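Q: Handing you this structure, nothing more for now.
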Amino acid sequence: MKLCVTGHDSKGKAIFSHAGAPPRAAGPGSFELWSTKGPNSVPDDADPKAPAEVGYFPVEGETAFKLVSVPPSAGRADPSLLPDEIRHMFDPEDAGMHTTDTIDYVIILGGAADLELDDGVSERVETGDCVVQRGTRHAWRVVGDEPLVLGAVLIGAARIP
């Protein structure tokens, strides 16, 4: 996989600042492609080979662009083994269910899943489908033997009680 990052030279001309491997792998088939800490401005002077480090889920004022591969249910890791920073976001009664303080723009790049919300309500999503996830409690229930591959832009948001 190649990540292309554009930028500007000293005269303001558009250039490719980076074209190559993503800066950080987040697991097998999953990559942290880009992230920002606000406020954002252009031209963006972030290091194209080392974008801002944010937590797995960005907080208010931060963004993250990810490619995520979710293994089929039989191959899922034990949620108790997740890093502390994200383990607390998962429901201890139903490890797949979680809530984040983000607005996520998601496109399904491969595989299929039932996107489950509260009370077991779900919608099947497949390659080419898009999801706008707005801080709701949810789980990605992978269907079949192929991993669910999704591209997502996560925008940190303030949760209003």
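In the structure tokens, each chain is lettered A, B, ... as it comes, each chain's residues begin at 1, and ligands are numbered from 1 in order of appearance.
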Excluding A:Val5 and any residue of its chain fewer than 5 positions from it, enumerate the residues within 7 Å of it, using only C-alpha atoms, and give them as a PyMOL selection string.

A: chain A and resi 16-19+48

Q: Can you list every residue in stretch 19-127 of chain A that DSSP puts in alpha helix (DSSP H), as a VMD selection string?

A: chain A and resid 84 to 87

Q: Residues within 7 Å of A:Val149, please, as a tab-separated table (two decimals) with N, CA and C atoms, in the first residue's frame. Count only C-alpha atoms; anything in the same chain fewer than 6 positions from it doesn't count.

A:
```tsv
chain	number	residue	atom	x	y	z
A	68	VAL	N	-8.44	0.10	8.39
A	68	VAL	CA	-8.60	-0.88	9.46
A	68	VAL	C	-9.07	-2.21	8.88
A	69	SER	N	-8.45	-3.28	9.34
A	69	SER	CA	-8.85	-4.63	8.96
A	69	SER	C	-9.36	-5.33	10.22
A	70	VAL	N	-10.64	-5.70	10.22
A	70	VAL	CA	-11.26	-6.38	11.36
A	70	VAL	C	-11.38	-7.85	10.99
A	108	ILE	N	-16.63	1.07	3.29
A	108	ILE	CA	-16.28	-0.34	3.37
A	108	ILE	C	-15.52	-0.70	2.10
A	109	LEU	N	-14.28	-1.12	2.26
A	109	LEU	CA	-13.40	-1.43	1.13
A	109	LEU	C	-13.39	-2.92	0.79
A	110	GLY	N	-13.78	-3.76	1.73
A	110	GLY	CA	-13.80	-5.20	1.49
A	110	GLY	C	-14.51	-5.92	2.62
A	111	GLY	N	-15.06	-7.07	2.30
A	111	GLY	CA	-15.75	-7.87	3.31
A	111	GLY	C	-17.15	-7.35	3.59
```

Q: So that I can see what lies close to A:Gly20, please list as an NGL selection string the residues with an atom at most 10 Å from it, counting only C-alpha atoms and leaving out residues fewer than 4 positions away in the same chain.

A: :A and (1-5 or 49)

Q: If you keep N, CA and C atoms, can you produce a file of those selected residues as a short mmCIF file (atom, residue, chain, number, x, y, z; two decimals), in the first residue's frame?

A:
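again-v3.cif, freshly written:
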```cif
data_model
loop_
_atom_site.label_atom_id
_atom_site.label_comp_id
_atom_site.auth_asym_id
_atom_site.auth_seq_id
_atom_site.Cartn_x
_atom_site.Cartn_y
_atom_site.Cartn_z
N MET A 1 0.84 -1.17 0.00
CA MET A 1 0.00 0.00 0.00
C MET A 1 0.88 1.24 0.00
N LYS A 2 0.47 2.20 -0.79
CA LYS A 2 1.21 3.46 -0.87
C LYS A 2 0.33 4.59 -0.35
N LEU A 3 0.95 5.48 0.42
CA LEU A 3 0.29 6.69 0.89
C LEU A 3 0.96 7.87 0.21
N CYS A 4 0.17 8.71 -0.45
CA CYS A 4 0.67 9.93 -1.08
C CYS A 4 0.19 11.12 -0.25
N VAL A 5 1.13 11.97 0.14
CA VAL A 5 0.82 13.17 0.91
C VAL A 5 1.29 14.37 0.09
N LYS A 49 6.24 12.54 6.90
CA LYS A 49 6.61 11.17 7.26
C LYS A 49 6.30 10.86 8.73
#
```

Q: Excluding A:Asp44 and any residue of its chain fewer than 3 positions from it, enumerate the residues within 8 Å of it, using only C-alpha atoms, and give them as an MDAnalysis selection string.

A: chainID A and resid 7 40:41

Q: From the set A:Val121, A:Gly128, A:Gly151, A:Asp145, which residue has the shortest atom-to-atom contact distance to A:Asp104, counting only C-alpha atoms?

A: A:Gly151

Q: Skipping near chain neighbours, those fewer than 6 positions away, what residues fall within 12 Å of A:Gly12 using only C-alpha atoms, listed as a list in words?

A: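 What passes the distance filter is Thr6, Val42, Pro43, Asp44 and Asp45 of chain A.
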
Q: Which residue gives the smallest distance to A:Glu32 among A:Pro71, A:Asp47, A:Ala95, A:Thr63, with only C-alpha atoms counted?

A: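 The answer is A:Thr63, which sits nearest to A:Glu32.
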
Q: With a distance cut-off of 6 Å and only C-alpha atoms, select the neighbouring residues of A:Phe31, excluding the residue or stretch itself and same-chain residues fewer than 2 positions from it, and output the selection as a count of residues only.

A: 6

Q: Would you mind reading off the distance between atom CA of A:Gly61 and atom CA of A:Gly156, one decimal, in Å?

A: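 Between these atoms lies a distance of 5.8 Å.
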